[in-house]
Amino acid sequence: CIPGKRFGNDYIRASLANKRSFCERWDAECILSQTKHETTNSSHSAEWEKLYLLNRTLYETSAQWIMWLDCDAAFANLDIDWRVHMKDHLDDNNVLIVSKDKNGINLGVLFVPNNDDAKEFVRMMWDKRHWIEAHPNKRGLNDQAALKEIMAENPGLRRRVDDGVSQAKINSFLGKVKVEKGRVNIPSGPVSKEREVSKKLPHSQNGRASSNPKSARFSKEGAASSPVKIINTH
């Protein structure tokens, strides 16, 4: 979580505390970053930190899978075994596992297997950052734009990106959510026909949490003591 216009201190504390709770609950290793690294051009979007950390972590861990949640994504249910929750999609022949929303593939919550093909895939996306920054798109997309470009350049990669995960499983929108005093307050009761695990936290332009239902977005993942790393930054 990079401090700035999008995320204020209370928001960041709530986001990181939520992810830390997941890691403590399931004995998973967390990588929680609040710093833009020197390898990233200071004028570039903080969204590139995602690819920097994914790239670095793939070479530093023996974990079988890496699960990523953006700063504005939070775990809503710590009692769900993510391996059971995602069992129909955890195929390490793929290089990326994600869901889609109305705008297409959403990279706010994703899974990457720890293998050579995934390392190369993430490196290709990371290397696209300079081109994407030099050719901004109307929607201001960065990592999603990099993904679109490399899939267009390498058609075979498209078959290895599993974007068929239900949005209700890992990237859903929730109603009223508040972040108060560094804690995430989630309304009780069912929010979907499917069990949820993680969600997206709403935020306003001044970096403080918003309770506007229209802006409240969330994602879901389950968990278990398992070979997984959680990394989070922007």
# chains A, B, ... in the order shown; residues from 1 in each chain; ligands from 1
call {"tool": "residues_around", "arguments": {"residues": "A:Asp116", "least_positions_apart": "2", "cutoff": "12 Å", "atoms": "only C-alpha atoms", "output": "MDAnalysis selection string"}}
result
chainID A and resid 55 58:59 64 92:95 112:114 118:123
call {"tool": "write_last_selection", "arguments": {"atoms": "C-alpha atoms", "output": "mmCIF file, in the first residue's frame"}}
result
data_model
loop_
_atom_site.group_PDB
_atom_site.id
_atom_site.type_symbol
_atom_site.label_atom_id
_atom_site.label_comp_id
_atom_site.auth_asym_id
_atom_site.auth_seq_id
_atom_site.Cartn_x
_atom_site.Cartn_y
_atom_site.Cartn_z
ATOM 1 C CA ASN A 55 8.840 -10.997 -10.015
ATOM 2 C CA LEU A 58 9.033 -15.870 -7.521
ATOM 3 C CA TYR A 59 12.826 -16.072 -7.341
ATOM 4 C CA GLN A 64 4.040 -23.435 -4.780
ATOM 5 C CA ASP A 92 0.148 -24.901 -12.588
ATOM 6 C CA ASN A 93 0.101 -25.336 -16.352
ATOM 7 C CA ASN A 94 -1.448 -21.865 -16.302
ATOM 8 C CA VAL A 95 0.649 -18.776 -15.653
ATOM 9 C CA VAL A 112 0.496 -17.228 -9.869
ATOM 10 C CA PRO A 113 2.195 -20.655 -9.719
ATOM 11 C CA ASN A 114 5.863 -20.747 -8.823
ATOM 12 C CA ALA A 118 5.111 -18.021 -14.681
ATOM 13 C CA LYS A 119 8.411 -16.288 -13.919
ATOM 14 C CA GLU A 120 8.871 -15.509 -17.596
ATOM 15 C CA PHE A 121 5.264 -14.337 -17.886
ATOM 16 C CA VAL A 122 5.577 -11.923 -14.955
ATOM 17 C CA ARG A 123 8.933 -10.667 -16.256
#
call {"tool": "atom_distance", "arguments": {"atom1": "atom CA of A:Leu141", "atom2": "atom CA of A:Leu90"}}
result
26.6 Å
call {"tool": "closest_residue", "arguments": {"among": "A:Asp162, A:Asp117, A:Glu24, A:Asp127", "to": "A:Lys100", "atoms": "only C-alpha atoms"}}
result
A:Asp162
call {"tool": "closest_residue", "arguments": {"among": "A:Glu153, A:Glu60, A:Asp27, A:Asp72", "to": "A:Ile2", "atoms": "only C-alpha atoms"}}
result
A:Asp72
call {"tool": "atom_distance", "arguments": {"atom1": "atom CA of A:Leu157", "atom2": "atom CA of A:Ile97"}}
result
12.3 Å
call {"tool": "select_by_dssp", "arguments": {"residues": "stretch 15-133 of chain A", "states": "strand (DSSP E)", "output": "VMD selection string"}}
result
chain A and resid 29 to 32 65 to 69 73 to 75 96 to 101 104 to 113
call {"tool": "atom_distance", "arguments": {"atom1": "atom CA of A:Ile31", "atom2": "atom CA of A:Arg6"}}
result
20.4 Å
call {"tool": "closest_residue", "arguments": {"among": "A:Ala17, A:Ala74, A:Ala28, A:Ala168", "to": "A:Asp101", "atoms": "only C-alpha atoms"}}
result
A:Ala168
